[in-house]
$ cat data.cif   # mmCIF, C-alpha atoms
data_query
loop_
_atom_site.label_atom_id
_atom_site.label_comp_id
_atom_site.auth_asym_id
_atom_site.auth_seq_id
_atom_site.Cartn_x
_atom_site.Cartn_y
_atom_site.Cartn_z
CA MET A 1 84.43 -142.49 41.16
CA THR A 2 82.12 -140.44 43.39
CA ALA A 3 82.43 -142.89 46.28
CA GLN A 4 86.21 -142.84 46.09
CA TYR A 5 86.17 -139.05 45.88
CA SER A 6 84.01 -138.80 49.01
CA VAL A 7 86.19 -141.15 51.05
CA TYR A 8 89.50 -139.45 50.30
CA ALA A 9 88.11 -135.91 50.32
CA LEU A 10 86.58 -136.50 53.75
CA ALA A 11 89.78 -138.10 55.05
CA GLY A 12 91.75 -135.14 53.69
CA GLY A 13 89.37 -132.66 55.32
CA LEU A 14 89.66 -134.39 58.71
CA LEU A 15 93.44 -134.55 58.39
CA VAL A 16 93.54 -130.81 57.71
CA GLY A 17 91.64 -130.28 60.96
CA PHE A 18 93.90 -132.58 63.04
CA ALA A 19 97.07 -131.09 61.61
CA PHE A 20 95.91 -127.51 62.12
CA HIS A 21 95.03 -128.22 65.73
CA ALA A 22 98.33 -130.00 66.41
CA LEU A 23 100.25 -127.18 64.71
CA ALA A 24 98.60 -124.50 66.82
CA ILE A 25 98.53 -126.19 70.22
CA HIS A 26 102.08 -127.60 70.46
CA THR A 27 105.07 -125.46 71.31
CA HIS A 28 107.97 -127.79 70.41
CA VAL A 29 109.54 -126.81 67.10
CA LEU A 30 109.90 -130.37 65.73
CA LYS A 31 106.25 -131.07 66.55
CA ARG A 32 105.23 -127.97 64.66
CA ILE A 33 107.35 -128.90 61.63
CA LEU A 34 105.75 -132.37 61.68
CA ALA A 35 102.24 -130.93 61.90
CA TRP A 36 103.07 -128.48 59.10
CA ASN A 37 104.08 -131.41 56.88
CA THR A 38 100.92 -133.35 57.71
CA LEU A 39 98.83 -130.27 56.92
CA GLY A 40 100.50 -130.01 53.52
CA SER A 41 100.06 -133.66 52.65
CA ALA A 42 96.39 -133.50 53.71
CA ALA A 43 95.85 -130.58 51.35
CA PHE A 44 97.51 -132.63 48.58
CA LEU A 45 95.17 -135.54 49.31
CA VAL A 46 92.15 -133.25 48.95
CA PHE A 47 93.58 -132.09 45.64
CA GLY A 48 94.06 -135.71 44.54
CA ALA A 49 90.46 -136.55 45.44
CA ILE A 50 89.27 -133.59 43.36
CA ALA A 51 91.33 -134.88 40.41
CA ARG A 52 89.28 -138.10 40.69
CA ARG A 53 85.95 -136.30 40.19
CA ASN A 54 86.37 -136.59 36.45
CA THR A 55 84.47 -139.18 34.54
CA GLY A 56 87.10 -141.33 32.84
CA ALA A 57 90.83 -140.89 33.49
CA PRO A 58 91.95 -138.77 36.48
CA ASP A 59 93.14 -135.27 35.77
CA PRO A 60 96.95 -135.16 35.21
CA VAL A 61 97.28 -131.43 36.01
CA PRO A 62 96.63 -131.70 39.78
CA HIS A 63 98.95 -134.73 39.88
CA ALA A 64 101.80 -132.73 38.35
CA ILE A 65 101.16 -129.84 40.72
CA VAL A 66 101.10 -132.15 43.76
CA ILE A 67 104.52 -133.56 42.74
CA THR A 68 105.74 -129.96 42.61
CA GLY A 69 104.18 -129.40 46.03
CA ILE A 70 105.86 -132.44 47.60
CA VAL A 71 109.27 -131.15 46.53
CA VAL A 72 108.53 -127.63 47.83
CA ALA A 73 107.34 -129.19 51.12
CA ILE A 74 110.61 -131.06 51.68
CA SER A 75 112.58 -127.90 50.87
CA SER A 76 110.69 -125.88 53.46
CA THR A 77 110.95 -128.70 56.01
CA ALA A 78 114.70 -128.96 55.55
CA LEU A 79 115.15 -125.20 55.82
CA ALA A 80 113.01 -125.12 58.99
CA LEU A 81 115.05 -127.98 60.52
CA ALA A 82 118.33 -126.28 59.59
CA LEU A 83 117.12 -123.03 61.19
CA ALA A 84 116.07 -124.92 64.32
CA ARG A 85 119.49 -126.57 64.47
CA ARG A 86 121.23 -123.21 64.06
CA ILE A 87 119.16 -121.72 66.89
CA ASP A 88 120.15 -124.67 69.07
CA GLU A 89 123.82 -124.08 68.23
CA GLU A 90 123.46 -120.41 69.21
CA ASN A 91 121.75 -121.27 72.48
CA LYS A 92 124.45 -123.75 73.45
CA LYS A 93 127.19 -121.12 73.13
CA MET B 1 85.69 -149.42 48.26
CA VAL B 2 86.31 -151.41 51.46
CA LEU B 3 90.02 -150.99 50.83
CA ASP B 4 89.57 -147.23 50.43
CA LEU B 5 87.65 -146.99 53.70
CA LEU B 6 90.27 -149.05 55.56
CA LEU B 7 93.05 -146.97 54.05
CA ALA B 8 91.35 -143.70 55.00
CA ALA B 9 90.78 -144.94 58.56
CA SER B 10 94.44 -146.00 58.92
CA LEU B 11 95.56 -142.65 57.52
CA LEU B 12 93.54 -140.82 60.15
CA LEU B 13 94.73 -143.12 62.93
CA THR B 14 98.46 -142.92 62.10
CA ALA B 15 98.28 -139.14 61.58
CA TRP B 16 96.48 -138.68 64.90
CA ARG B 17 98.96 -140.89 66.78
CA SER B 18 101.91 -139.15 65.12
CA LEU B 19 100.65 -135.63 65.78
CA TYR B 20 99.88 -136.22 69.45
CA ALA B 21 102.73 -138.62 70.33
CA ASN B 22 104.80 -137.80 73.42
CA ASP B 23 108.03 -139.29 72.13
CA PRO B 24 109.88 -137.71 69.16
CA LEU B 25 111.03 -141.04 67.73
CA GLN B 26 107.49 -142.45 67.91
CA ALA B 27 106.08 -139.32 66.28
CA VAL B 28 108.52 -139.51 63.36
CA GLY B 29 108.10 -143.27 62.94
CA LEU B 30 104.34 -142.88 62.73
CA PHE B 31 104.77 -139.97 60.32
CA VAL B 32 106.75 -142.23 57.96
CA ALA B 33 104.04 -144.92 58.28
CA TYR B 34 101.43 -142.26 57.50
CA GLY B 35 103.43 -141.17 54.45
CA LEU B 36 103.63 -144.73 53.12
CA LEU B 37 99.88 -145.25 53.64
CA LEU B 38 99.35 -141.95 51.84
CA ALA B 39 101.42 -143.28 48.94
CA LEU B 40 99.03 -146.27 48.81
CA ALA B 41 96.09 -143.85 48.79
CA TRP B 42 97.67 -142.05 45.83
CA ALA B 43 98.05 -145.37 44.03
CA ARG B 44 94.34 -146.05 44.69
CA LEU B 45 93.55 -142.61 43.21
CA ASP B 46 95.35 -143.71 39.98
CA ALA B 47 98.19 -141.24 40.58
CA LEU B 48 101.23 -143.52 40.40
CA ASP B 49 103.65 -140.63 39.82
CA VAL B 50 102.46 -138.94 42.99
CA ALA B 51 102.57 -142.26 44.86
CA LEU B 52 106.24 -142.67 43.90
CA ALA B 53 107.07 -139.08 44.85
CA GLU B 54 105.19 -139.35 48.16
CA ALA B 55 106.85 -142.65 49.10
CA GLY B 56 110.33 -141.46 48.11
CA ILE B 57 110.34 -137.80 49.08
CA GLY B 58 107.30 -137.24 51.32
CA ALA B 59 107.74 -140.32 53.50
CA GLY B 60 111.32 -141.51 52.88
CA LEU B 61 113.56 -138.48 52.69
CA THR B 62 111.38 -136.22 54.87
CA GLY B 63 111.32 -139.08 57.39
CA ALA B 64 115.12 -139.30 57.28
CA LEU B 65 115.40 -135.52 57.87
CA LEU B 66 112.96 -135.62 60.79
CA LEU B 67 114.57 -138.75 62.24
CA GLY B 68 117.92 -136.98 62.39
CA ALA B 69 116.32 -133.96 64.04
CA SER B 70 114.33 -136.09 66.50
CA ARG B 71 117.54 -137.25 68.17
CA HIS B 72 118.32 -133.67 69.18
CA ALA B 73 114.75 -133.03 70.25
CA ALA B 74 114.71 -135.38 73.22
CA ASP B 75 116.28 -132.94 75.69
CA ARG B 76 113.36 -130.53 75.62
CA SER B 77 109.80 -131.41 76.57
CA PHE B 78 108.39 -132.70 73.32
CA SER B 79 104.74 -132.82 74.33
CA ASP B 80 104.51 -129.25 75.70
CA ARG B 81 101.23 -127.63 74.79
CA ILE B 82 99.80 -124.16 75.21
CA ALA B 83 98.69 -124.02 78.83
CA SER B 84 95.92 -121.42 78.86
CA PRO B 85 92.53 -123.26 78.93
CA MET B 86 90.82 -120.44 77.07
CA MET B 87 93.36 -120.54 74.25
CA ARG B 88 93.02 -124.33 74.05
CA ALA B 89 89.24 -124.13 73.79
CA PHE B 90 89.60 -121.43 71.14
CA LEU B 91 92.02 -123.56 69.11
CA ALA B 92 89.82 -126.64 69.37
CA ALA B 93 86.83 -124.62 68.17
CA GLY B 94 88.94 -123.16 65.36
CA ALA B 95 90.13 -126.58 64.19
CA LEU B 96 86.58 -127.94 64.36
CA SER B 97 85.16 -125.11 62.29
CA LEU B 98 88.01 -125.36 59.76
CA THR B 99 87.30 -129.09 59.34
CA SER B 100 83.56 -128.44 58.98
CA ILE B 101 84.09 -125.75 56.35
CA VAL B 102 86.49 -127.95 54.35
CA ALA B 103 84.18 -130.97 54.66
CA LEU B 104 81.10 -128.96 53.61
CA ALA B 105 82.93 -127.44 50.65
CA LEU B 106 84.14 -130.86 49.50
CA TRP B 107 80.71 -132.41 50.03
CA SER B 108 79.18 -129.82 47.72
CA LEU B 109 81.66 -130.91 45.01
CA ARG B 110 80.74 -134.61 45.21
CA LYS B 111 78.89 -134.75 41.85
CA PRO B 112 81.11 -135.90 38.95
CA ARG B 113 81.89 -132.99 36.68
CA GLY B 114 82.44 -134.59 33.28
CA PRO B 115 85.81 -135.29 31.75
CA GLY B 116 87.62 -132.15 33.06
CA ILE B 117 90.82 -131.13 31.30
CA ALA B 118 92.23 -134.66 30.95
CA PRO B 119 91.00 -134.94 27.29
CA LEU B 120 92.67 -131.61 26.48
CA VAL B 121 95.99 -132.94 27.79
CA SER B 122 95.68 -136.20 25.84
CA ALA B 123 94.67 -134.33 22.68
CA LYS B 124 97.82 -132.20 22.83
CA LEU B 125 100.05 -135.02 24.10
CA SER B 126 101.61 -135.62 20.67
CA GLU B 127 102.91 -132.02 20.63
CA SER B 128 104.53 -132.30 24.06
CA GLY B 129 107.43 -134.59 23.09
CA VAL B 130 106.61 -137.23 25.74
CA LYS B 131 103.97 -139.97 25.92
CA HIS B 132 103.07 -139.75 29.61
CA PRO B 133 100.41 -137.14 30.52
CA VAL B 134 101.84 -136.18 33.93
CA THR B 135 105.35 -135.67 32.52
CA SER B 136 103.90 -133.63 29.65
CA VAL B 137 102.17 -131.34 32.17
CA LEU B 138 105.24 -131.09 34.43
CA LEU B 139 107.87 -130.49 31.77
CA ASN B 140 105.91 -128.87 28.97
CA PHE B 141 102.37 -127.55 29.50
CA ARG B 142 103.03 -126.18 32.99
CA SER B 143 106.80 -126.02 32.91
CA TRP B 144 106.71 -122.59 34.59
CA ASP B 145 105.62 -124.28 37.83
CA THR B 146 108.36 -126.86 37.55
CA LEU B 147 111.01 -124.29 36.70
CA LEU B 148 110.09 -122.22 39.76
CA GLU B 149 109.92 -125.32 41.91
CA ILE B 150 113.49 -126.23 40.98
CA GLY B 151 114.21 -122.59 41.83
CA VAL B 152 112.74 -123.22 45.30
CA LEU B 153 115.19 -126.11 45.75
CA VAL B 154 118.07 -123.80 44.80
CA VAL B 155 116.86 -121.13 47.26
CA ALA B 156 116.53 -123.72 50.06
CA ALA B 157 120.01 -125.11 49.33
CA PHE B 158 121.71 -121.70 49.39
CA SER B 159 119.78 -120.55 52.47
CA ILE B 160 121.03 -123.65 54.26
CA LEU B 161 124.60 -123.01 53.10
CA ALA B 162 124.27 -119.44 54.35
CA LEU B 163 123.43 -120.71 57.84
CA ARG B 164 127.01 -122.11 58.06
CA LEU B 165 126.01 -125.06 60.21
CA ALA B 166 128.63 -126.73 62.37
CA ARG B 167 129.82 -130.02 60.91
CA SER B 168 129.00 -133.24 62.65
CA PRO B 169 131.80 -135.35 64.14
CA PRO B 170 132.84 -138.22 61.82
CA ARG B 171 131.03 -141.49 62.25
CA LYS B 172 132.64 -144.70 63.40
CA TYR B 173 133.34 -147.22 60.63
CA ASP B 174 130.59 -149.81 60.49
CA PRO B 175 131.49 -152.86 58.35
CA MET B 176 127.83 -153.98 58.01
CA LEU B 177 126.75 -150.57 56.80
CA ALA B 178 129.71 -150.36 54.41
CA ALA B 179 128.77 -153.73 52.89
CA LEU B 180 125.14 -152.63 52.52
CA VAL B 181 126.19 -149.38 50.87
CA ARG B 182 128.40 -151.22 48.37
CA VAL B 183 125.40 -153.32 47.29
CA MET B 184 122.66 -150.70 47.50
CA VAL B 185 124.24 -147.64 45.89
CA PRO B 186 124.71 -149.23 42.42
CA ILE B 187 121.19 -150.71 42.56
CA LEU B 188 119.71 -147.32 43.48
CA GLY B 189 121.70 -145.74 40.67
CA VAL B 190 120.30 -148.16 38.09
CA CYS B 191 116.73 -147.81 39.43
CA GLY B 192 117.05 -144.02 39.38
CA GLY B 193 118.26 -144.11 35.78
CA TYR B 194 115.35 -146.37 34.85
CA LEU B 195 112.77 -144.08 36.49
CA LEU B 196 114.22 -141.08 34.67
CA TRP B 197 113.97 -142.87 31.33
CA ALA B 198 110.52 -144.30 32.13
CA GLY B 199 109.13 -140.81 32.80
CA SER B 200 108.81 -140.13 29.08
CA HIS B 201 106.13 -142.79 28.58
CA ARG B 202 104.93 -144.11 31.97
CA PRO B 203 104.94 -143.09 35.67
CA GLY B 204 108.39 -141.87 36.71
CA GLY B 205 110.50 -138.83 35.92
CA ALA B 206 113.09 -136.43 37.23
CA PHE B 207 111.73 -136.04 40.77
CA GLN B 208 111.27 -139.73 41.47
CA ALA B 209 114.69 -140.49 39.95
CA GLY B 210 116.24 -137.64 41.94
CA ALA B 211 114.70 -139.06 45.12
CA LEU B 212 116.27 -142.49 44.49
CA LEU B 213 119.68 -141.04 43.68
CA GLY B 214 119.27 -138.81 46.73
CA ALA B 215 118.63 -141.93 48.81
CA ALA B 216 121.87 -143.41 47.47
CA GLY B 217 123.67 -140.27 48.61
CA VAL B 218 122.04 -140.48 52.05
CA LEU B 219 123.40 -144.03 52.37
CA LEU B 220 126.86 -142.75 51.44
CA GLN B 221 126.55 -140.06 54.11
CA LEU B 222 125.52 -142.67 56.67
CA ALA B 223 128.61 -144.66 55.74
CA GLY B 224 130.83 -141.68 56.46
CA TYR B 225 130.86 -139.34 53.46
CA ASP B 226 130.95 -135.77 54.83
CA LEU B 227 128.91 -133.74 52.36
CA LEU B 228 129.03 -130.44 54.27
CA ALA B 229 132.84 -130.55 53.99
CA ASP B 230 132.47 -130.64 50.20
CA SER B 231 129.76 -128.01 50.08
CA ALA B 232 132.23 -125.12 49.91
CA ARG B 233 133.69 -126.36 46.61
CA ARG B 234 132.78 -124.57 43.40
CA GLY B 235 132.02 -127.86 41.63
CA PHE B 236 129.52 -128.83 44.30
CA ARG B 237 127.74 -125.49 44.12
CA ALA B 238 127.67 -125.77 40.33
CA LEU B 239 125.82 -129.09 40.69
CA LEU B 240 123.21 -127.37 42.88
CA VAL B 241 122.36 -124.76 40.22
CA VAL B 242 122.98 -126.67 36.98
CA GLY B 243 119.41 -128.05 36.81
CA PHE B 244 117.75 -124.67 37.28
CA GLY B 245 120.29 -123.00 35.00
CA THR B 246 119.80 -125.47 32.14
CA PHE B 247 116.00 -125.27 32.44
CA LEU B 248 116.14 -121.47 32.40
CA CYS B 249 118.58 -121.34 29.46
CA VAL B 250 116.40 -123.71 27.40
CA GLY B 251 113.30 -121.68 28.31
CA ILE B 252 114.90 -118.42 27.22
CA GLY B 253 116.70 -120.09 24.32
CA VAL B 254 113.46 -121.17 22.63
CA SER B 255 112.13 -117.63 22.99
CA THR B 256 114.97 -116.36 20.75
CA LEU B 257 113.74 -118.74 18.02
CA GLY B 258 110.39 -116.96 17.79
CA HIS B 259 108.48 -118.96 20.43
CA GLN B 260 107.14 -117.93 23.81
CA ILE B 261 109.41 -118.49 26.82
CA LEU B 262 109.38 -122.24 27.63
CA GLU B 263 107.32 -123.03 24.51
CA TYR B 264 109.33 -125.88 22.99
CA PRO B 265 109.09 -126.50 19.24
CA PRO B 266 107.10 -129.78 18.98
CA THR B 267 109.75 -131.53 16.88
CA GLN B 268 112.54 -130.91 19.41
CA ALA B 269 110.40 -131.03 22.57
CA GLY B 270 111.23 -134.67 23.34
CA SER B 271 115.00 -134.24 23.35
CA LEU B 272 114.84 -130.86 25.12
CA ILE B 273 112.73 -132.39 27.91
CA PHE B 274 115.10 -135.34 28.15
CA TRP B 275 118.14 -133.10 28.67
CA ILE B 276 116.33 -130.85 31.14
CA GLU B 277 115.18 -133.88 33.12
CA LEU B 278 118.62 -135.48 33.09
CA VAL B 279 120.36 -132.37 34.43
CA ALA B 280 117.52 -131.58 36.84
CA THR B 281 117.75 -135.11 38.29
CA ILE B 282 121.41 -134.50 39.19
CA SER B 283 120.62 -131.16 40.82
CA ILE B 284 117.63 -132.59 42.70
CA ALA B 285 119.67 -135.52 44.02
CA VAL B 286 122.54 -133.29 45.18
CA THR B 287 120.16 -130.74 46.74
CA LEU B 288 118.21 -133.43 48.62
CA ASN B 289 121.52 -134.67 49.99
CA LEU B 290 122.47 -131.22 51.18
CA LEU B 291 119.06 -130.89 52.86
CA TYR B 292 119.70 -134.20 54.61
CA ALA B 293 123.20 -133.23 55.67
CA ALA B 294 121.88 -129.97 57.15
CA SER B 295 119.14 -131.59 59.21
CA GLY B 296 121.77 -132.78 61.67
CA SER B 297 121.32 -136.44 60.86
CA GLY B 298 125.04 -136.99 60.76
CA ALA B 299 125.60 -136.02 64.40
CA THR B 300 125.80 -138.90 66.84
#
$ encode --input "data.cif" --output "structure tokens"
Amino acid sequence: MTAQYSVYALAGGLLVGFAFHALAIHTHVLKRILAWNTLGSAAFLVFGAIARRNTGAPDPVPHAIVITGIVVAISSTALALALARRIDEENKK
Amino acid sequence: MVLDLLLAASLLLTAWRSLYANDPLQAVGLFVAYGLLLALAWARLDALDVALAEAGIGAGLTGALLLGASRHAADRSFSDRIASPMMRAFLAAGALSLTSIVALALWSLRKPRGPGIAPLVSAKLSESGVKHPVTSVLLNFRSWDTLLEIGVLVVAAFSILALRLARSPPRKYDPMLAALVRVMVPILGVCGGYLLWAGSHRPGGAFQAGALLGAAGVLLQLAGYDLLADSARRGFRALLVVGFGTFLCVGIGVSTLGHQILEYPPTQAGSLIFWIELVATISIAVTLNLLYAASGSGAT
């Protein structure tokens, strides 16, 4: 279990770094929304790795909360995309 | 172990390529690939519920939203970055230190910590009304989180409606697509119903089922169904809130019977959870469709 924890926790940590950098350095709105999503999923992966630290069965509580998080992430993504589209519509007028 | 290492390496590679791609379509395509690999990682971590949700919602539907948006993104310079060298150096240093802090913190947690709270969940499982631990946490032990999350979906849906987006021009009739839709939509409906039912005793549940039914709706939209045109109807708006409303009414209803809010009586918990999940699935599917319609995917 520890080996698996280390692999996915480390991958999650690196992904957080990549996504943060991409989020901060790019100026295009779609790129930022994409990086924001990757940042979220990397945080979920870290959470999933931590759920695996248990001896025996993995912890169901982080799993349930990550499912919640995935749904919140798509809601925020869709709202961000809709706002971006609305801004485009305004600019074209 | 080798599989885990390969999977982690491919995750990093696809994420890197997606985040720094110069072409919007390439970036979104790689993001979907990353999401599917992430679903495999979740399966390796023994989290099949999360794997299903990640594949369906995180990779599939989010990918569809981004794909629609990527077609409008091509006119502006997609790979523009902050120009100032000092700012770039500062951001690189910031990202590096963030990664180091996260990695160090996680490294210090590497020792196994005993059984955690999993035994507590399995000990109380018989009182929850369902036989699957993750569903028991989602719909019973931590139903506050789930209630508020469905609330987030409602807020997102009504914020999008408030933006009053322009409707896309109707699509051209595509006989191939229409044939595919006629085959796929019933299959997706049956699979969604199965996942909803399966959630009570094995991986599955309202969110995974809602994602599949949502996918069926996305296919219908691709084949020409104009959802934004229907979104002004009262019946449509009722479907958006019925999941949250039912959940809230049940939560408050049990409190009038001498329980805490959202504390289901163990004998009725199973059927209460079933009805909440059934209604929530409908709301989730309709909301996901509205999110898709608003992302501009319909425009050609």
$ interface_residues --input "data.cif" --of "chain A" --to "chain B" --cutoff "7 Å" --atoms "all atoms listed in the file" --output "PyMOL selection string"
chain A and resi 2+4+6-11+13-18+20-22+25-28+35+52-61+63-64+66-68+70+72+74-75+78-79+81-82+86
$ closest_residue --input "data.cif" --among "B:Leu262, B:Leu195, B:Ala223, B:Val218" --to "Pro175 in chain B" --atoms "only C-alpha atoms"
B:Ala223
$ atom_distance --input "data.cif" --atom1 "CA of Cys249 in chain B" --atom2 "CA of Gly270 in chain B"
16.4 Å
$ resolve_selection --input "data.cif" --expression "the PyMOL selection byres ((chain B and resi 248) around 10)" --output "NGL selection string"
:B and (144 or 147-148 or 151 or 242-247 or 249-253 or 261-262 or 276)
$ atom_distance --input "data.cif" --atom1 "CA of Trp36 in chain A" --atom2 "CA of Leu240 in chain B"
25.9 Å
$ atom_distance --input "data.cif" --atom1 "CA of Val185 in chain B" --atom2 "CA of Gly199 in chain B"
21.1 Å
$ residues_near_point --input "data.cif" --point "(91.9, -132.5, 46.0)" --cutoff "9 Å" --atoms "all atoms listed in the file" --output "VMD selection string"
(chain A and resid 5 8 to 9 12 42 to 52 62) or (chain B and resid 106)
$ write_last_selection --input "data.cif" --atoms "C-alpha atoms" --output "compact mmCIF listing (two decimals), keeping the file's coordinate frame"
# COMPACT_ATOMS: atom_id res chain seq x y z
CA TYR A 5 86.17 -139.05 45.88
CA TYR A 8 89.50 -139.45 50.30
CA ALA A 9 88.11 -135.91 50.32
CA GLY A 12 91.75 -135.14 53.69
CA ALA A 42 96.39 -133.50 53.71
CA ALA A 43 95.85 -130.58 51.35
CA PHE A 44 97.51 -132.63 48.58
CA LEU A 45 95.17 -135.54 49.31
CA VAL A 46 92.15 -133.25 48.95
CA PHE A 47 93.58 -132.09 45.64
CA GLY A 48 94.06 -135.71 44.54
CA ALA A 49 90.46 -136.55 45.44
CA ILE A 50 89.27 -133.59 43.36
CA ALA A 51 91.33 -134.88 40.41
CA ARG A 52 89.28 -138.10 40.69
CA PRO A 62 96.63 -131.70 39.78
CA LEU B 106 84.14 -130.86 49.50
$ resolve_selection --input "data.cif" --expression "the PyMOL selection byres ((chain B and resi 239) around 9)" --output "list of chain:residue names"
B:Arg234, B:Gly235, B:Phe236, B:Arg237, B:Ala238, B:Leu240, B:Val241, B:Val242, B:Gly243, B:Val279, B:Ile282, B:Ser283, B:Val286, B:Thr287
$ resolve_selection --input "data.cif" --expression "the PyMOL selection byres ((chain B and resi 226) around 10)" --output "MDAnalysis selection string"
chainID B and resid 167:171 220:225 227:231 293 298
$ closest_residue --input "data.cif" --among "B:Gly258, B:Gly129, B:Pro265, B:Gly193" --to "Leu212 in chain B" --atoms "all atoms listed in the file"
B:Gly193
$ build_atoms --input "data.cif" --residues "range 22-38 of chain B" --atoms "N, CA, C and O atoms" --output "PDB file, in the coordinates of the input"
ATOM      1  N   ASN B  22     103.986-138.491  72.411  1.00  0.00           N
ATOM      2  CA  ASN B  22     104.800-137.800  73.420  1.00  0.00           C
ATOM      3  C   ASN B  22     106.281-138.007  73.210  1.00  0.00           C
ATOM      4  O   ASN B  22     107.096-137.359  73.861  1.00  0.00           O
ATOM      5  N   ASP B  23     106.631-138.952  72.331  1.00  0.00           N
ATOM      6  CA  ASP B  23     108.030-139.290  72.130  1.00  0.00           C
ATOM      7  C   ASP B  23     108.425-138.925  70.698  1.00  0.00           C
ATOM      8  O   ASP B  23     107.727-139.293  69.754  1.00  0.00           O
ATOM      9  N   PRO B  24     109.529-138.163  70.515  1.00  0.00           N
ATOM     10  CA  PRO B  24     109.880-137.710  69.160  1.00  0.00           C
ATOM     11  C   PRO B  24     110.078-138.844  68.170  1.00  0.00           C
ATOM     12  O   PRO B  24     109.623-138.778  67.025  1.00  0.00           O
ATOM     13  N   LEU B  25     110.745-139.921  68.626  1.00  0.00           N
ATOM     14  CA  LEU B  25     111.030-141.040  67.730  1.00  0.00           C
ATOM     15  C   LEU B  25     109.729-141.702  67.275  1.00  0.00           C
ATOM     16  O   LEU B  25     109.547-142.038  66.097  1.00  0.00           O
ATOM     17  N   GLN B  26     108.786-141.847  68.223  1.00  0.00           N
ATOM     18  CA  GLN B  26     107.490-142.450  67.910  1.00  0.00           C
ATOM     19  C   GLN B  26     106.741-141.563  66.907  1.00  0.00           C
ATOM     20  O   GLN B  26     106.159-142.053  65.939  1.00  0.00           O
ATOM     21  N   ALA B  27     106.792-140.246  67.164  1.00  0.00           N
ATOM     22  CA  ALA B  27     106.080-139.320  66.280  1.00  0.00           C
ATOM     23  C   ALA B  27     106.607-139.421  64.855  1.00  0.00           C
ATOM     24  O   ALA B  27     105.832-139.506  63.889  1.00  0.00           O
ATOM     25  N   VAL B  28     107.938-139.461  64.699  1.00  0.00           N
ATOM     26  CA  VAL B  28     108.520-139.510  63.360  1.00  0.00           C
ATOM     27  C   VAL B  28     108.261-140.859  62.705  1.00  0.00           C
ATOM     28  O   VAL B  28     107.921-140.937  61.512  1.00  0.00           O
ATOM     29  N   GLY B  29     108.385-141.944  63.482  1.00  0.00           N
ATOM     30  CA  GLY B  29     108.100-143.270  62.940  1.00  0.00           C
ATOM     31  C   GLY B  29     106.689-143.367  62.404  1.00  0.00           C
ATOM     32  O   GLY B  29     106.450-143.868  61.296  1.00  0.00           O
ATOM     33  N   LEU B  30     105.735-142.851  63.176  1.00  0.00           N
ATOM     34  CA  LEU B  30     104.340-142.880  62.730  1.00  0.00           C
ATOM     35  C   LEU B  30     104.128-141.961  61.536  1.00  0.00           C
ATOM     36  O   LEU B  30     103.310-142.252  60.658  1.00  0.00           O
ATOM     37  N   PHE B  31     104.892-140.862  61.484  1.00  0.00           N
ATOM     38  CA  PHE B  31     104.770-139.970  60.320  1.00  0.00           C
ATOM     39  C   PHE B  31     105.207-140.682  59.045  1.00  0.00           C
ATOM     40  O   PHE B  31     104.574-140.544  57.994  1.00  0.00           O
ATOM     41  N   VAL B  32     106.284-141.482  59.135  1.00  0.00           N
ATOM     42  CA  VAL B  32     106.750-142.230  57.960  1.00  0.00           C
ATOM     43  C   VAL B  32     105.685-143.267  57.559  1.00  0.00           C
ATOM     44  O   VAL B  32     105.363-143.433  56.371  1.00  0.00           O
ATOM     45  N   ALA B  33     105.103-143.947  58.577  1.00  0.00           N
ATOM     46  CA  ALA B  33     104.040-144.920  58.280  1.00  0.00           C
ATOM     47  C   ALA B  33     102.869-144.222  57.594  1.00  0.00           C
ATOM     48  O   ALA B  33     102.316-144.723  56.600  1.00  0.00           O
ATOM     49  N   TYR B  34     102.507-143.048  58.109  1.00  0.00           N
ATOM     50  CA  TYR B  34     101.430-142.260  57.500  1.00  0.00           C
ATOM     51  C   TYR B  34     101.768-141.914  56.053  1.00  0.00           C
ATOM     52  O   TYR B  34     100.923-142.044  55.160  1.00  0.00           O
ATOM     53  N   GLY B  35     103.027-141.520  55.811  1.00  0.00           N
ATOM     54  CA  GLY B  35     103.430-141.170  54.450  1.00  0.00           C
ATOM     55  C   GLY B  35     103.327-142.355  53.499  1.00  0.00           C
ATOM     56  O   GLY B  35     102.907-142.210  52.355  1.00  0.00           O
ATOM     57  N   LEU B  36     103.696-143.549  53.991  1.00  0.00           N
ATOM     58  CA  LEU B  36     103.630-144.730  53.120  1.00  0.00           C
ATOM     59  C   LEU B  36     102.178-145.107  52.839  1.00  0.00           C
ATOM     60  O   LEU B  36     101.817-145.483  51.714  1.00  0.00           O
ATOM     61  N   LEU B  37     101.306-144.990  53.864  1.00  0.00           N
ATOM     62  CA  LEU B  37      99.880-145.250  53.640  1.00  0.00           C
ATOM     63  C   LEU B  37      99.314-144.230  52.648  1.00  0.00           C
ATOM     64  O   LEU B  37      98.488-144.558  51.793  1.00  0.00           O
ATOM     65  N   LEU B  38      99.807-142.987  52.766  1.00  0.00           N
ATOM     66  CA  LEU B  38      99.350-141.950  51.840  1.00  0.00           C
ATOM     67  C   LEU B  38      99.773-142.290  50.414  1.00  0.00           C
ATOM     68  O   LEU B  38      99.010-142.076  49.464  1.00  0.00           O
TER      69      LEU B  38
END
